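Everything below concerns the one structure shown next.
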Amino acid sequence: MSNAVANGLAGAGGGMIAQIITYPLQTVNTRQQTERVAKKSLANSKRLGTLVQILQVIRSDGWGGLYSGLKPSLLGTAASQGIYYYFYQVFKNKAEAIAVARKAKGHGDGTVGMFSWLLVAALAGSLNVLLTNPIWVLVTRMQTHTQAERKIMEERKEALVKEASENCLTGSELQVKLAELDSIKPHPYGTWQAVNEVYSEAKITGFWKGIVPTLIMVCNPAIQFMIYESSLKHLRAKRADRKQGSKNITALEVFLLGALAKLGATISTYPLLVVKSRLQAKQEIGGNISLRYSGTVDAIRKMIQYEGLPGFYKGMSTKIAQSVFAASVLFMVKEELLKIYTLLADKCNKVLLSSAK
């Protein structure tokens, strides 16, 4: 098995474990990002903490609400991490070969520079985004479905109250109609329902909604891996200079390096993540034009106009907690899986060599 395939499988395994552990935080964060509140309402509204919002989801949707869309999300994580790490390793091998060739010609020290790491991560990320974006559109829909349905119901109730005041309906008649709305039970909403909804709204192009900010967000893992690889290289060089007995990086050190790398990447690209989530969530949630976006530029313009700059940072603390912890787990599990693979591969090679003799 090539090191690219091994990295791809290890990345997929680490990503799935990290996703399962942190998925409730991701669900709450997606809802925070797609909640659209005007500037005036935002100033008067009381911001709820992440824990309180988790409890609200449990109260309204049950424990299953925290894991809505988990199945396609796990598929997406396995595909994304597998594709990303595979191509990352392919491009990394190429970059390292180029660096060694340059050293042989008297240029450089034979190691890959920071810009090269950035380019390698960006190329791998772009391929990953183009291939897996449809899965993440479905995941976003499933995570925000209940929220969107609640918004539609609020719009209907407001329209009913307005109609009642215009037509001079009695209070009892209004209460009956409001009770009828409350009695409507939400339809089952799974993966296939999400597929049909997206396709009915925008046909096949709907599955690539948010592709522009997502492609720009390729710089997130690019920045993440640039920080990670550079920090790892620095740590190993420091160990070599001090001539320490073991040059191996421990699981805890990988965990901390992964956390540091993801923290820097998340803070710098978070506004794009919010725009992406808005575009991928259900658009037809009422008559208010401020709640609908025709594209990336339209979303950015309306968010600035109706919500101001704070709208681009909704749920950032939740995202930092979720993504930093998930990235730390991912890197740690991936490195441990690679160590196991290397150990098994060495043993197999020794067995083959001994049998050949």
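By convention in this document, the chains of the structure tokens carry letters A, B, ... by their order, each chain's residues are numbered from 1, and ligands are numbered from 1 in the order they are shown.
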
Legend entry - Selection near Lys71 of chain A, 9 Å with only C-alpha atoms, sequence-local residues under 5 positions removed, as number ranges by chain: A: 76, 139, 191

Inset, instruction - Show which residues sit within 8 Å of Gly258 of chain A, as a PyMOL selection string. Count only C-alpha atoms, and ignore same-chain residues fewer than 2 positions away. - result: chain A and resi 228+254-256+260-262+324+327-328+331-332

Which polymer residues have any atom within 8 Å of an atom of Thr144 of chain A, counting only C-alpha atoms, with same-chain residues fewer than 5 positions away left out, as a short mmCIF file (atom, residue, chain, number, x, y, z; two decimals) with N, CA, C and O atoms, in the first residue's frame?
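Result file part24.cif:
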```cif
data_model
loop_
_atom_site.label_atom_id
_atom_site.label_comp_id
_atom_site.auth_asym_id
_atom_site.auth_seq_id
_atom_site.Cartn_x
_atom_site.Cartn_y
_atom_site.Cartn_z
N THR A 27 -23.81 20.66 14.95
CA THR A 27 -25.24 20.90 14.67
C THR A 27 -25.68 22.24 15.22
O THR A 27 -26.33 23.04 14.52
N THR A 30 -24.09 25.16 13.22
CA THR A 30 -24.73 25.40 11.92
C THR A 30 -26.03 26.18 12.10
O THR A 30 -26.35 27.08 11.32
N ARG A 31 -26.78 25.85 13.13
CA ARG A 31 -28.03 26.58 13.42
C ARG A 31 -27.73 28.03 13.82
O ARG A 31 -28.47 28.94 13.45
N THR A 34 -26.89 30.02 10.62
CA THR A 34 -28.00 30.25 9.68
C THR A 34 -29.16 31.01 10.30
O THR A 34 -30.13 31.30 9.61
N ALA A 281 -28.24 26.35 3.33
CA ALA A 281 -29.48 26.14 4.07
C ALA A 281 -30.67 26.48 3.18
O ALA A 281 -30.54 27.08 2.12
N LYS A 282 -31.86 26.06 3.62
CA LYS A 282 -33.09 26.32 2.86
C LYS A 282 -33.31 27.81 2.70
O LYS A 282 -33.25 28.56 3.68
#
```

Legend entry - Coordinates-based distance that separates atom CA of Gly69 of chain A from atom CA of Val137 of chain A (Å, one decimal):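 Atom CA of Gly69 of chain A lies 10.5 Å from atom CA of Val137 of chain A.
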
Inset, instruction - Would you mind telling me which residue in A:Leu118, A:Ala164, A:Ala12, A:Val5 lies nearest to Lys334 of chain A when using only C-alpha atoms? - result: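 Of A:Leu118, A:Ala164, A:Ala12, A:Val5, the one nearest Lys334 of chain A, counting only C-alpha atoms, is A:Ala12.
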
Legend entry - 12 Å contact set for Ser317 of chain A, only C-alpha atoms, chain neighbours under 2 positions out, as a list in words: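 In the requested form, the answer reads Leu25, Gln26, Val28, Asn29, Gln32, Gln33, Leu48, Gly49, Thr50, Leu51, Leu263, Thr266, Ile267, Tyr270, Tyr313, Lys314, Gly315, Lys319, Ile320, Ala321, Gln322, Ser323 and Val324 of chain A.
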
Legend entry - Between atom CA of Leu75 of chain A and atom CA of Gly15 of chain A, distance in Å (one decimal):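 Interatomic distance here is 10.3 Å.
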
Inset, instruction - Could you give me the residues within segment 244-353 of chain A that DSSP places in helix (DSSP H, G or I), as a ChimeraX atom specification? - result: /A:251-280,289-291,296-306,309-313,316-353

Inset, instruction - Would you mind listing what lies within 9 Å of segment 295-298 of chain A as number ranges by chain, with only C-alpha atoms counted and same-chain residues fewer than 5 positions away left out? - result: A: 209-213, 275-276, 279, 303

Legend entry - Shell around Ser231 of chain A at 9 Å using only C-alpha atoms, local window under 4 positions removed, as a list in words: Met226, Ile227, Leu235, Arg236, Leu257 and Ala261 of chain A

Selected residues written out with N, CA and C atoms, as a PDB file, in the first residue's frame:
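Dumped to again05.pdb:
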```pdb
ATOM      1  N   MET A 226      -0.264  24.354   6.868  1.00  0.00           N
ATOM      2  CA  MET A 226       0.963  25.142   6.827  1.00  0.00           C
ATOM      3  C   MET A 226       1.483  25.339   8.257  1.00  0.00           C
ATOM      4  N   ILE A 227       0.567  25.731   9.178  1.00  0.00           N
ATOM      5  CA  ILE A 227       0.950  25.923  10.581  1.00  0.00           C
ATOM      6  C   ILE A 227       1.393  24.587  11.190  1.00  0.00           C
ATOM      7  N   LEU A 235       9.638  21.605  15.624  1.00  0.00           N
ATOM      8  CA  LEU A 235       9.773  20.772  16.832  1.00  0.00           C
ATOM      9  C   LEU A 235      10.802  19.665  16.632  1.00  0.00           C
ATOM     10  N   ARG A 236      10.768  19.028  15.460  1.00  0.00           N
ATOM     11  CA  ARG A 236      11.719  17.957  15.161  1.00  0.00           C
ATOM     12  C   ARG A 236      13.154  18.497  15.057  1.00  0.00           C
ATOM     13  N   LEU A 257      -0.428  20.481  18.624  1.00  0.00           N
ATOM     14  CA  LEU A 257      -0.079  21.124  17.350  1.00  0.00           C
ATOM     15  C   LEU A 257      -1.300  21.226  16.445  1.00  0.00           C
ATOM     16  N   ALA A 261      -2.967  24.717  15.063  1.00  0.00           N
ATOM     17  CA  ALA A 261      -3.130  24.924  13.619  1.00  0.00           C
ATOM     18  C   ALA A 261      -4.579  25.234  13.261  1.00  0.00           C
TER      19      ALA A 261
END
```

Inset, instruction - Work out how far apart atom CA of Glu335 of chain A and atom CA of Met114 of chain A are and give it in Å to one decimal. - result: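 Separation of atom CA of Glu335 of chain A and atom CA of Met114 of chain A: 21.2 Å.
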
Inset, instruction - Name the closest residue to Tyr23 of chain A among the candidates A:Val112, A:Ala179, A:Leu309, A:Ala326; distances are taken between atoms, counting only C-alpha atoms. - result: A:Ala326
